[in-house]
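Structure below is coords.csv: CSV, C-alpha atoms.
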chain,number,residue,atom,x,y,z
J,1,MET,CA,34.7,59.9,16.7
J,2,ILE,CA,35.4,56.3,17.7
J,3,PRO,CA,38.6,54.3,17.6
J,4,LYS,CA,38.5,52.4,14.4
J,5,LYS,CA,40.0,49.3,16.0
J,6,ILE,CA,37.1,49.1,18.5
J,7,ALA,CA,34.4,49.8,15.9
J,8,ARG,CA,35.9,47.3,13.6
J,9,ALA,CA,36.1,44.6,16.3
J,10,ARG,CA,32.4,45.2,17.2
J,11,LEU,CA,31.3,44.9,13.6
J,12,LEU,CA,33.4,41.8,13.1
J,13,ALA,CA,32.0,40.3,16.3
J,14,LEU,CA,28.5,41.1,15.1
J,15,TRP,CA,29.0,39.5,11.7
J,16,SER,CA,31.0,36.5,13.0
J,17,LEU,CA,28.5,35.6,15.8
J,18,SER,CA,25.5,36.1,13.5
J,19,GLY,CA,27.2,34.2,10.7
J,20,LEU,CA,27.9,31.3,13.1
J,21,LEU,CA,24.3,31.3,14.3
J,22,LEU,CA,23.0,31.3,10.8
J,23,ILE,CA,25.3,28.6,9.6
J,24,CYS,CA,24.3,26.5,12.7
J,25,LEU,CA,20.6,27.1,11.8
J,26,MET,CA,21.2,26.0,8.2
J,27,ILE,CA,23.0,22.9,9.3
J,28,ALA,CA,20.2,22.1,11.8
J,29,ARG,CA,17.5,22.6,9.2
J,30,THR,CA,19.4,20.5,6.7
J,31,ILE,CA,19.8,17.6,9.3
J,32,GLY,CA,16.2,18.1,10.3
J,33,ASN,CA,15.2,17.5,6.6
J,34,LYS,CA,13.5,20.8,6.3
J,35,PHE,CA,14.7,21.4,2.7
J,36,GLY,CA,14.1,17.9,1.4
J,37,HIS,CA,15.5,17.4,-2.1
J,38,LEU,CA,16.1,21.2,-2.3
J,39,THR,CA,19.0,21.2,0.2
J,40,ASN,CA,21.6,22.2,-2.5
J,41,ASP,CA,19.4,25.0,-3.7
J,42,ALA,CA,19.0,26.3,-0.1
J,43,TRP,CA,22.7,26.3,0.5
J,44,SER,CA,23.4,27.9,-2.9
J,45,TRP,CA,21.1,30.8,-1.8
J,46,PHE,CA,22.5,31.0,1.8
J,47,LEU,CA,26.3,31.1,1.2
J,48,PRO,CA,26.4,34.3,-0.9
J,49,THR,CA,24.2,36.1,1.6
J,50,ILE,CA,26.9,36.3,4.3
J,51,LEU,CA,30.2,34.9,3.1
J,52,PRO,CA,31.4,37.7,0.8
J,53,THR,CA,30.9,40.4,3.5
J,54,LEU,CA,32.2,38.3,6.3
J,55,SER,CA,35.3,37.3,4.2
J,56,LEU,CA,36.0,41.0,3.4
J,57,MET,CA,35.7,42.0,7.1
J,58,ILE,CA,38.0,39.3,8.3
J,59,SER,CA,40.7,39.9,5.7
J,60,VAL,CA,40.7,43.7,6.2
J,61,SER,CA,40.8,43.3,10.0
J,62,ILE,CA,43.7,40.9,9.8
J,63,ALA,CA,45.5,43.1,7.3
J,64,GLN,CA,45.1,46.4,9.3
J,65,GLN,CA,45.5,45.2,12.9
J,66,ALA,CA,47.9,47.8,14.2
J,67,ASP,CA,46.5,51.2,13.6
J,68,ASP,CA,45.4,54.1,15.8
J,69,LEU,CA,42.9,55.6,13.4
J,70,GLN,CA,39.6,57.2,14.4
J,71,SER,CA,36.4,56.7,12.6
J,72,SER,CA,33.1,58.6,12.3
J,73,THR,CA,30.6,57.5,14.9
J,74,PHE,CA,27.8,58.1,12.5
J,75,LEU,CA,29.4,55.9,9.9
J,76,TYR,CA,30.0,53.2,12.5
J,77,ARG,CA,26.4,53.3,13.8
J,78,LEU,CA,25.0,53.3,10.3
J,79,ALA,CA,27.1,50.2,9.4
J,80,PHE,CA,26.1,48.5,12.6
J,81,LEU,CA,22.3,49.2,12.3
J,82,LEU,CA,22.2,48.2,8.6
J,83,SER,CA,24.1,45.0,9.4
J,84,VAL,CA,21.7,44.1,12.2
J,85,PHE,CA,18.7,44.8,9.9
J,86,TYR,CA,20.2,42.7,7.1
J,87,LEU,CA,21.1,39.8,9.3
J,88,VAL,CA,17.6,39.8,10.9
J,89,LEU,CA,16.1,39.6,7.4
J,90,VAL,CA,18.4,36.7,6.5
J,91,LEU,CA,17.4,35.0,9.8
J,92,PHE,CA,13.7,35.5,9.0
J,93,THR,CA,14.2,34.0,5.6
J,94,ILE,CA,16.0,31.0,6.9
J,95,LEU,CA,13.5,30.2,9.7
J,96,ASN,CA,10.6,31.0,7.4
J,97,PRO,CA,7.9,31.4,10.1
J,98,VAL,CA,5.4,31.9,7.3
J,99,GLU,CA,6.1,28.6,5.6
J,100,ASP,CA,2.4,27.8,5.4
J,101,GLN,CA,2.0,30.5,2.8
J,102,PHE,CA,4.6,29.0,0.5
J,103,GLN,CA,4.8,25.6,-1.1
J,104,ASN,CA,8.4,25.2,0.0
J,105,PRO,CA,11.1,27.2,1.8
J,106,LEU,CA,13.0,27.9,-1.4
J,107,GLU,CA,10.1,30.1,-2.6
J,108,LEU,CA,10.6,32.6,0.2
J,109,MET,CA,14.4,32.4,-0.3
J,110,LYS,CA,14.0,33.2,-4.0
J,111,LEU,CA,11.5,35.9,-3.3
J,112,SER,CA,13.7,37.5,-0.6
J,113,ASN,CA,16.3,38.3,-3.1
J,114,LEU,CA,14.0,41.2,-4.1
J,115,TRP,CA,14.7,43.0,-0.8
J,116,LEU,CA,17.9,41.3,0.4
J,117,GLY,CA,19.8,42.3,-2.7
J,118,PRO,CA,19.4,46.1,-2.3
J,119,VAL,CA,19.9,45.9,1.5
J,120,GLN,CA,23.0,43.8,1.0
J,121,GLY,CA,24.3,46.4,-1.4
J,122,LEU,CA,23.8,49.2,1.1
J,123,VAL,CA,25.5,47.1,3.9
J,124,ALA,CA,28.4,46.2,1.7
J,125,ALA,CA,28.9,49.9,0.6
J,126,THR,CA,28.8,51.2,4.2
J,127,LEU,CA,31.1,48.5,5.5
J,128,GLY,CA,33.4,48.9,2.5
J,129,VAL,CA,33.8,52.6,3.2
J,130,PHE,CA,34.2,52.0,6.9
J,131,PHE,CA,36.8,49.3,6.6
J,132,VAL,CA,38.8,50.7,3.7
J,133,ARG,CA,38.8,54.4,4.5
J,134,ASP,CA,42.0,55.5,6.4
J,135,LYS,CA,40.7,58.6,8.2
O,1,MET,CA,-94.0,14.6,18.4
O,2,ASP,CA,-94.5,12.9,15.1
O,3,ILE,CA,-92.1,13.7,12.4
O,4,GLN,CA,-93.8,13.6,9.1
O,5,ILE,CA,-91.7,13.2,6.0
O,6,ASN,CA,-93.7,14.1,3.0
O,7,ASP,CA,-92.9,14.7,-0.6
O,8,SER,CA,-92.3,18.4,-0.2
O,9,THR,CA,-89.7,17.8,2.5
O,10,ILE,CA,-87.8,15.3,0.4
O,11,GLY,CA,-88.0,17.6,-2.6
O,12,ARG,CA,-86.5,20.5,-0.5
O,13,PHE,CA,-83.5,18.4,0.7
O,14,PHE,CA,-83.0,16.3,-2.4
O,15,PRO,CA,-80.3,18.6,-3.9
O,16,PHE,CA,-78.4,18.5,-0.6
O,17,LEU,CA,-78.6,14.7,-0.5
O,18,ILE,CA,-77.2,14.5,-4.0
O,19,LEU,CA,-74.4,16.9,-3.0
O,20,LEU,CA,-73.6,14.9,0.1
O,21,LEU,CA,-73.5,11.6,-1.8
O,22,PHE,CA,-71.2,13.3,-4.4
O,23,ILE,CA,-68.8,14.5,-1.7
O,24,VAL,CA,-68.7,11.1,0.1
O,25,GLN,CA,-68.1,9.4,-3.2
O,26,THR,CA,-65.3,11.8,-4.2
O,27,GLY,CA,-63.6,11.5,-0.8
O,28,CYS,CA,-63.5,7.7,-1.0
O,29,TYR,CA,-62.2,7.8,-4.5
O,30,ASP,CA,-59.3,10.2,-3.5
O,31,ASN,CA,-58.4,7.9,-0.5
O,32,GLU,CA,-58.2,5.0,-2.8
O,33,ASN,CA,-56.1,6.9,-5.2
O,34,GLU,CA,-53.7,8.1,-2.4
O,35,THR,CA,-53.3,4.5,-1.2
O,36,LYS,CA,-52.2,3.5,-4.7
O,37,THR,CA,-49.8,6.4,-5.4
O,38,SER,CA,-48.4,7.1,-2.0
O,39,ASP,CA,-44.7,8.1,-2.1
O,40,GLU,CA,-44.1,6.9,1.5
O,41,TYR,CA,-41.1,4.6,1.8
O,42,ASN,CA,-42.1,1.0,2.3
O,43,PRO,CA,-39.0,-1.1,2.6
O,44,GLU,CA,-40.7,-4.4,1.9
O,45,GLU,CA,-42.4,-3.1,-1.2
O,46,THR,CA,-39.2,-1.4,-2.4
O,47,GLU,CA,-37.2,-4.5,-1.7
O,48,SER,CA,-39.7,-6.7,-3.6
O,49,GLN,CA,-39.6,-4.2,-6.5
O,50,VAL,CA,-35.9,-4.3,-6.6
O,51,GLN,CA,-35.7,-8.0,-6.5
O,52,ALA,CA,-38.2,-8.1,-9.3
O,53,ASP,CA,-35.9,-5.9,-11.3
O,54,SER,CA,-32.6,-7.7,-11.3
O,55,SER,CA,-30.9,-4.9,-13.4
O,56,PHE,CA,-31.5,-2.3,-10.6
O,57,MET,CA,-28.4,-3.2,-8.6
O,58,HIS,CA,-26.0,-3.2,-11.6
O,59,GLU,CA,-27.3,0.2,-12.7
O,60,ASN,CA,-26.9,1.7,-9.2
O,61,CYS,CA,-23.8,-0.2,-8.2
O,62,ASN,CA,-20.7,1.8,-7.7
O,63,PRO,CA,-18.2,-1.0,-8.4
O,64,PHE,CA,-15.0,-1.4,-6.4
O,65,PRO,CA,-12.1,-2.6,-8.4
O,66,LEU,CA,-12.2,-6.4,-8.7
O,67,HIS,CA,-8.4,-6.5,-8.0
O,68,PRO,CA,-8.0,-3.7,-5.4
O,69,PRO,CA,-4.8,-1.6,-5.5
O,70,ARG,CA,-1.8,-3.1,-3.6
O,71,ALA,CA,-2.2,-2.2,0.1
O,72,SER,CA,0.5,-1.4,2.7
O,73,ALA,CA,-0.9,-4.1,4.9
O,74,PHE,CA,-3.9,-6.4,4.8
O,75,LYS,CA,-5.6,-9.0,6.9
O,76,VAL,CA,-8.7,-11.1,7.0
O,77,VAL,CA,-10.7,-10.0,10.0
O,78,PRO,CA,-11.4,-13.1,12.1
O,79,ARG,CA,-15.0,-14.4,11.7
O,80,ASN,CA,-15.5,-14.8,15.4
O,81,LEU,CA,-15.1,-11.0,15.9
O,82,LEU,CA,-17.9,-10.4,13.4
O,83,VAL,CA,-20.5,-13.2,13.8
O,84,GLY,CA,-19.0,-15.5,16.5
O,85,SER,CA,-19.9,-19.1,15.6
O,86,ASN,CA,-23.2,-18.1,14.2
O,87,ASP,CA,-23.4,-18.9,10.4
O,88,THR,CA,-27.0,-17.7,10.0
O,89,LEU,CA,-26.4,-14.0,10.5
O,90,ASN,CA,-26.5,-11.8,7.4
O,91,ILE,CA,-24.2,-9.1,6.1
O,92,ASN,CA,-26.6,-6.5,7.5
O,93,TYR,CA,-25.6,-7.7,11.0
O,94,VAL,CA,-21.9,-7.7,10.2
O,95,LEU,CA,-22.1,-4.2,8.7
O,96,ASN,CA,-24.6,-2.4,10.9
O,97,LYS,CA,-24.0,-4.1,14.2
O,98,LYS,CA,-20.3,-4.6,14.1
O,99,LEU,CA,-18.3,-2.8,11.5
O,100,LEU,CA,-20.0,0.5,11.1
O,101,PRO,CA,-20.5,1.1,14.9
O,102,ALA,CA,-16.8,0.3,15.4
O,103,LEU,CA,-15.9,2.8,12.7
O,104,ASP,CA,-18.4,5.4,14.1
O,105,ASN,CA,-17.0,5.0,17.6
O,106,ALA,CA,-13.5,5.5,16.3
O,107,GLY,CA,-14.7,8.7,14.5
O,108,TYR,CA,-14.3,7.6,10.9
O,109,GLN,CA,-16.1,8.8,7.8
O,110,TYR,CA,-16.7,6.2,5.2
O,111,SER,CA,-18.3,5.5,1.9
O,112,PHE,CA,-19.5,2.3,0.2
O,113,TYR,CA,-18.9,0.3,-3.0
O,114,CYS,CA,-20.3,-2.9,-4.3
O,115,ILE,CA,-18.2,-5.7,-5.5
O,116,SER,CA,-19.7,-7.8,-8.3
O,117,ASP,CA,-23.2,-8.7,-7.2
O,118,SER,CA,-22.6,-10.1,-3.8
O,119,GLY,CA,-19.7,-8.2,-2.1
O,120,MET,CA,-19.3,-4.8,-0.6
O,121,ALA,CA,-16.4,-2.5,0.3
O,122,VAL,CA,-16.3,0.2,3.0
O,123,VAL,CA,-13.7,2.9,2.4
O,124,THR,CA,-12.7,5.3,5.1
O,125,GLN,CA,-11.7,8.9,4.5
O,126,LEU,CA,-8.0,9.5,4.3
O,127,GLU,CA,-6.9,10.6,7.7
O,128,ARG,CA,-3.7,12.1,9.2
O,129,MET,CA,-2.2,9.7,11.7
O,130,ASN,CA,0.7,9.7,14.1
O,131,GLU,CA,3.8,7.7,13.4
O,132,ASP,CA,2.8,5.1,16.1
O,133,GLY,CA,-0.4,4.3,14.3
O,134,THR,CA,-2.8,6.3,16.4
O,135,SER,CA,-5.1,8.7,14.7
O,136,ASP,CA,-4.0,12.4,14.9
O,137,LEU,CA,-7.3,13.5,16.3
O,138,GLN,CA,-6.5,17.2,16.3
O,139,ASN,CA,-5.5,17.4,12.7
O,140,ARG,CA,-7.2,14.3,11.4
O,141,TYR,CA,-8.7,15.8,8.2
O,142,VAL,CA,-6.6,19.0,8.2
O,143,ASP,CA,-3.4,19.3,6.3
O,144,GLY,CA,-0.5,21.5,7.5
O,145,ALA,CA,-1.9,22.5,10.9
O,146,ARG,CA,0.6,24.3,13.1
O,147,PRO,CA,1.6,23.0,16.5
O,148,ASP,CA,-0.2,24.5,19.4
O,149,LYS,CA,2.6,24.6,21.9
O,150,PHE,CA,5.3,27.2,21.6
O,151,TRP,CA,8.2,24.8,22.0
O,152,ASP,CA,6.7,22.5,19.4
O,153,TYR,CA,6.4,25.5,17.1
O,154,ILE,CA,10.1,26.4,17.6
O,155,LYS,CA,11.0,22.8,17.0
O,156,SER,CA,9.0,22.8,13.8
O,157,LEU,CA,11.0,25.7,12.5
O,158,ILE,CA,14.1,23.5,12.7
O,159,LYS,CA,12.9,20.0,12.2
O,160,ALA,CA,10.7,18.7,9.4
O,161,ARG,CA,7.2,17.5,10.5
O,162,PRO,CA,6.6,14.3,8.5
O,163,GLY,CA,3.0,13.6,7.8
O,164,PHE,CA,1.5,10.1,8.0
O,165,TYR,CA,-1.7,9.3,6.3
O,166,ARG,CA,-4.0,6.3,6.2
O,167,SER,CA,-7.1,5.0,4.5
O,168,ILE,CA,-8.7,1.7,5.5
O,169,VAL,CA,-10.8,-0.4,3.2
O,170,PHE,CA,-13.0,-3.3,4.5
O,171,ILE,CA,-14.0,-5.7,1.8
O,172,ILE,CA,-16.9,-8.1,2.6
O,173,SER,CA,-17.0,-10.6,-0.2
O,174,PRO,CA,-17.4,-14.3,-1.0
O,175,TYR,CA,-14.5,-14.0,-3.5
O,176,PRO,CA,-10.8,-14.1,-2.5
O,177,VAL,CA,-9.3,-10.6,-2.5
O,178,ILE,CA,-6.4,-10.6,-5.0
O,179,GLN,CA,-4.6,-7.3,-5.0
O,180,SER,CA,-3.3,-5.6,-8.1
O,181,ARG,CA,0.4,-4.9,-8.6
O,182,GLU,CA,-0.4,-1.2,-8.9
O,183,GLY,CA,-0.4,0.8,-5.7
O,184,LEU,CA,-2.7,3.7,-4.8
O,185,SER,CA,-1.6,7.3,-4.6
O,186,ARG,CA,-2.7,9.5,-1.7
O,187,ASP,CA,-4.9,11.5,-4.1
O,188,GLY,CA,-6.3,8.2,-5.5
O,189,SER,CA,-7.1,7.1,-2.0
O,190,ASP,CA,-8.8,10.4,-1.3
O,191,SER,CA,-10.9,10.2,-4.4
O,192,LEU,CA,-11.7,6.6,-3.7
O,193,TYR,CA,-13.5,7.7,-0.6
O,194,LYS,CA,-15.2,10.6,-2.2
O,195,SER,CA,-16.4,8.6,-5.2
O,196,GLY,CA,-18.1,6.0,-3.0
O,197,SER,CA,-21.8,6.0,-2.3
O,198,ASP,CA,-23.3,7.3,1.0
O,199,ARG,CA,-25.1,4.1,2.0
O,200,PRO,CA,-24.6,0.4,1.6
O,201,TYR,CA,-26.4,-1.6,-1.1
O,202,PHE,CA,-29.2,-3.1,0.8
O,203,GLU,CA,-29.7,-6.0,-1.7
O,204,ILE,CA,-26.3,-7.3,-0.5
O,205,LEU,CA,-27.2,-6.8,3.1
O,206,ASN,CA,-29.7,-9.7,3.0
O,207,TYR,CA,-27.1,-12.2,2.0
O,208,THR,CA,-26.1,-14.6,4.8
O,209,PHE,CA,-22.6,-14.1,6.0
O,210,SER,CA,-21.8,-17.7,5.3
O,211,LYS,CA,-18.5,-19.4,5.5
O,212,LEU,CA,-17.9,-18.3,1.9
O,213,PHE,CA,-17.7,-14.7,3.0
O,214,GLU,CA,-14.8,-13.0,4.6
O,215,CYS,CA,-14.1,-9.5,5.7
O,216,THR,CA,-10.7,-8.3,4.6
O,217,ALA,CA,-9.1,-5.1,5.9
O,218,LEU,CA,-6.7,-3.4,3.6
O,219,ILE,CA,-4.6,-0.5,4.9
O,220,TYR,CA,-3.2,2.2,2.6
O,221,GLN,CA,-0.5,4.2,4.3
O,222,TYR,CA,1.4,7.3,3.1
O,223,LYS,CA,4.2,9.4,4.3
O,224,LYS,CA,5.1,13.0,3.5
O,225,PRO,CA,8.7,13.3,4.8
O,226,ASN,CA,8.8,17.0,5.0
O,227,GLU,CA,7.2,20.2,3.7
O,228,VAL,CA,9.1,20.1,0.4
O,229,ASP,CA,9.0,16.5,-0.9
O,230,GLY,CA,5.9,14.8,-2.1
O,231,VAL,CA,3.8,12.0,-0.5
O,232,PHE,CA,4.8,8.4,-1.2
O,233,GLU,CA,2.9,5.2,-0.4
O,234,ILE,CA,4.4,2.9,2.2
O,235,ASN,CA,4.7,-0.5,0.4
O,236,ASN,CA,5.2,-2.6,3.5
O,237,SER,CA,3.8,-1.2,6.6
O,238,PRO,CA,6.1,-1.7,9.7
O,239,MET,CA,2.9,-2.2,11.7
O,240,THR,CA,0.5,-5.1,11.5
O,241,VAL,CA,-3.1,-4.6,10.6
O,242,THR,CA,-4.2,-5.7,14.1
O,243,ASP,CA,-1.9,-3.1,15.6
O,244,GLN,CA,-3.1,-0.3,13.4
O,245,LEU,CA,-6.8,-1.2,13.9
O,246,THR,CA,-6.3,-1.4,17.6
O,247,LYS,CA,-4.5,2.0,17.7
O,248,ALA,CA,-7.1,3.5,15.4
O,249,GLY,CA,-9.8,2.4,17.9
O,250,ILE,CA,-11.6,0.1,15.5
O,251,TRP,CA,-10.5,-3.3,16.8
O,252,PRO,CA,-11.8,-2.7,20.3
O,253,GLY,CA,-15.1,-1.8,18.7
O,254,LEU,CA,-15.1,-5.1,16.8
O,255,THR,CA,-14.3,-7.1,19.9
O,256,ALA,CA,-17.0,-5.4,22.0
O,257,LYS,CA,-20.1,-7.5,22.6
So, in terms of C-alpha cells, how does the structure I just supplied come out?
Amino acid sequence: MIPKKIARARLLALWSLSGLLLICLMIARTIGNKFGHLTNDAWSWFLPTILPTLSLMISVSIAQQADDLQSSTFLYRLAFLLSVFYLVLVLFTILNPVEDQFQNPLELMKLSNLWLGPVQGLVAATLGVFFVRDK
Amino acid sequence: MDIQINDSTIGRFFPFLILLLFIVQTGCYDNENETKTSDEYNPEETESQVQADSSFMHENCNPFPLHPPRASAFKVVPRNLLVGSNDTLNINYVLNKKLLPALDNAGYQYSFYCISDSGMAVVTQLERMNEDGTSDLQNRYVDGARPDKFWDYIKSLIKARPGFYRSIVFIISPYPVIQSREGLSRDGSDSLYKSGSDRPYFEILNYTFSKLFECTALIYQYKKPNEVDGVFEINNSPMTVTDQLTKAGIWPGLTAK
C-alpha cells in the first residue's frame, strides 16, 4: 500500500510537467510555422488529448487535499505506467519524426486517434478509479 | 628462262581472269555506292541540306512562348560579358563558349527552346536553393531531404524548413522580351525544363550576335513556407539577378576570360 496523497501528488506531477512540456512544444511548433494553415486543426486535436484528464486530476486533488487514505501500489503503478505510455505516444505524435511519410502533420494526428483513443480510455479509467476510490 | 604464253595457257587461265575482273568491278561499284549512301554525319552536308529545306527548323523547333511568363526578376546580360566589343562573333560563340560552360561549371542541367526563327532560350532545371541565393548543393534536385546534423534534425522537428526553388531562363533573341502577365507555377517551371530539347538549334547558332541580339536572364523563384502549405511564386525577388547569378556561380563563369 502507498499513501494516497503521495501517489496522487506523483501522478499529478507527471501529468502537469508532461502537459506543460507538450503545450510548450505545440506553441513552439505553431510559432515555427510547422502546421501552416492547419494550426487550428492541430490545436483542436491536441487539447482533448490531455486537458480532460489533467483537469480531472487537478480538481480532485484540490478537493481531497486532507486525507490519510492508503492506495493499492499495483493500481498506482498501473496508472503511472499507462500515463507514461500515453504521454509518450502523444509526444511522438506531436513531434512527428516520421513526417516524411505523411503529406502533413495532421495526417498522423488523425491516424493516431486509432490508438490514442483506446489508450486514453484505459488511462482515464485507471486514474478515475485511483482518484475517486476512497479506500 | 623464257616464259612462253601460248593459246593453251590463256585458255587455262581465262575463266580466272574473267572472275578477277568481275570481283574488281563489283568492289568498285560497292565503294561507289557506299560513298553515295553513307550515314556518317557530315555537318557541312547536313547544314546545307537544312538550309535548302527552310521548313526543317519550324518542324523541329520546340517554341518558347513569345511572351514568356512573368519572372521574379530579369535582366539583360551585358554584351561585354558575352562577346566583349566584338560584333562579328556568332551565337554559337555566345552559347558554347560563354553561357553553357558557365552553366556547366555551376552544375546546372538545361534544355533548349527556339524563339521564332532567330532566337533561342536555355532553361535550367528547377533547383532547390538557400534563402541567400546560393544553390543548395546537397539537396539541389531532391525534395524533402532530412538534415544531416543531429541538432539540425531536432531543430527541424520544431521549426518549419522553408524550401526555396529557382529556375533560370536565358533568352538570346533579336526581339525585345515582353513578359506575359501570367506567372509560372513550380510545376510549370519543372515541365518547361523537361519539355525542352536536349541540344540547341544549330541553324540559329550561325547567326551573328549583332547589336540587335541581347541575352536576357529571367529568374523564376518559388517558396514553400513549410511542410503543409503549397509552393507559391515570388513575384518580386528581394535579390537582383546579378546577385543571384553570382551566388549561383554563373556570373563568375560569364566574366571569366
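Closest approach to chain O from the set J:Leu95, J:Leu111, J:Leu82, J:Ile50 is made by J:Leu95, with distances taken over only C-alpha atoms.
Note that the spacing between CA of Asp198 (chain O) and CA of Phe232 (chain O) amounts to 28.2 Å.
Distances to chain J were evaluated for O:Glu233, O:Asp187, O:Glu227, O:Asp104 using only C-alpha atoms, and the minimum falls at O:Glu227.
The chain J residues that come within 6 Å of chain O are Arg29, Gly32, Asn33, Lys34, Gly36, Leu95 and Asn104 of chain J, with all atoms listed in the file taken into account.
Excluding Phe213 (chain O) itself and same-chain residues fewer than 3 positions from it, the residues having an atom within 6 Å of it are O:Ser173, O:Pro174, O:Phe209, O:Ser210, counting all atoms listed in the file.
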Filtering to C-alpha atoms, could you give me those residues as a PDB file, in the coordinates of the input?
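File produced: part_27.pdb:
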ATOM      1  CA  SER O 173     -17.000 -10.600  -0.200  1.00  0.00           C
ATOM      2  CA  PRO O 174     -17.400 -14.300  -1.000  1.00  0.00           C
ATOM      3  CA  PHE O 209     -22.600 -14.100   6.000  1.00  0.00           C
ATOM      4  CA  SER O 210     -21.800 -17.700   5.300  1.00  0.00           C
TER       5      SER O 210
END
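For Glu182 (chain O), the set of protein, DNA and RNA residues having any atom at most 10 Å away, when counting all atoms listed in the file and skipping those fewer than 5 positions along the same chain, is His67, Pro68, Pro69, Arg70 and Ala71 of chain O.
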Neighbour residues at most 12 Å from (31.7, 48.3, 3.0) (only C-alpha atoms) as a VMD selection string: chain J and resid 8 11 52 to 57 60 75 to 76 78 to 80 82 to 83 120 to 133
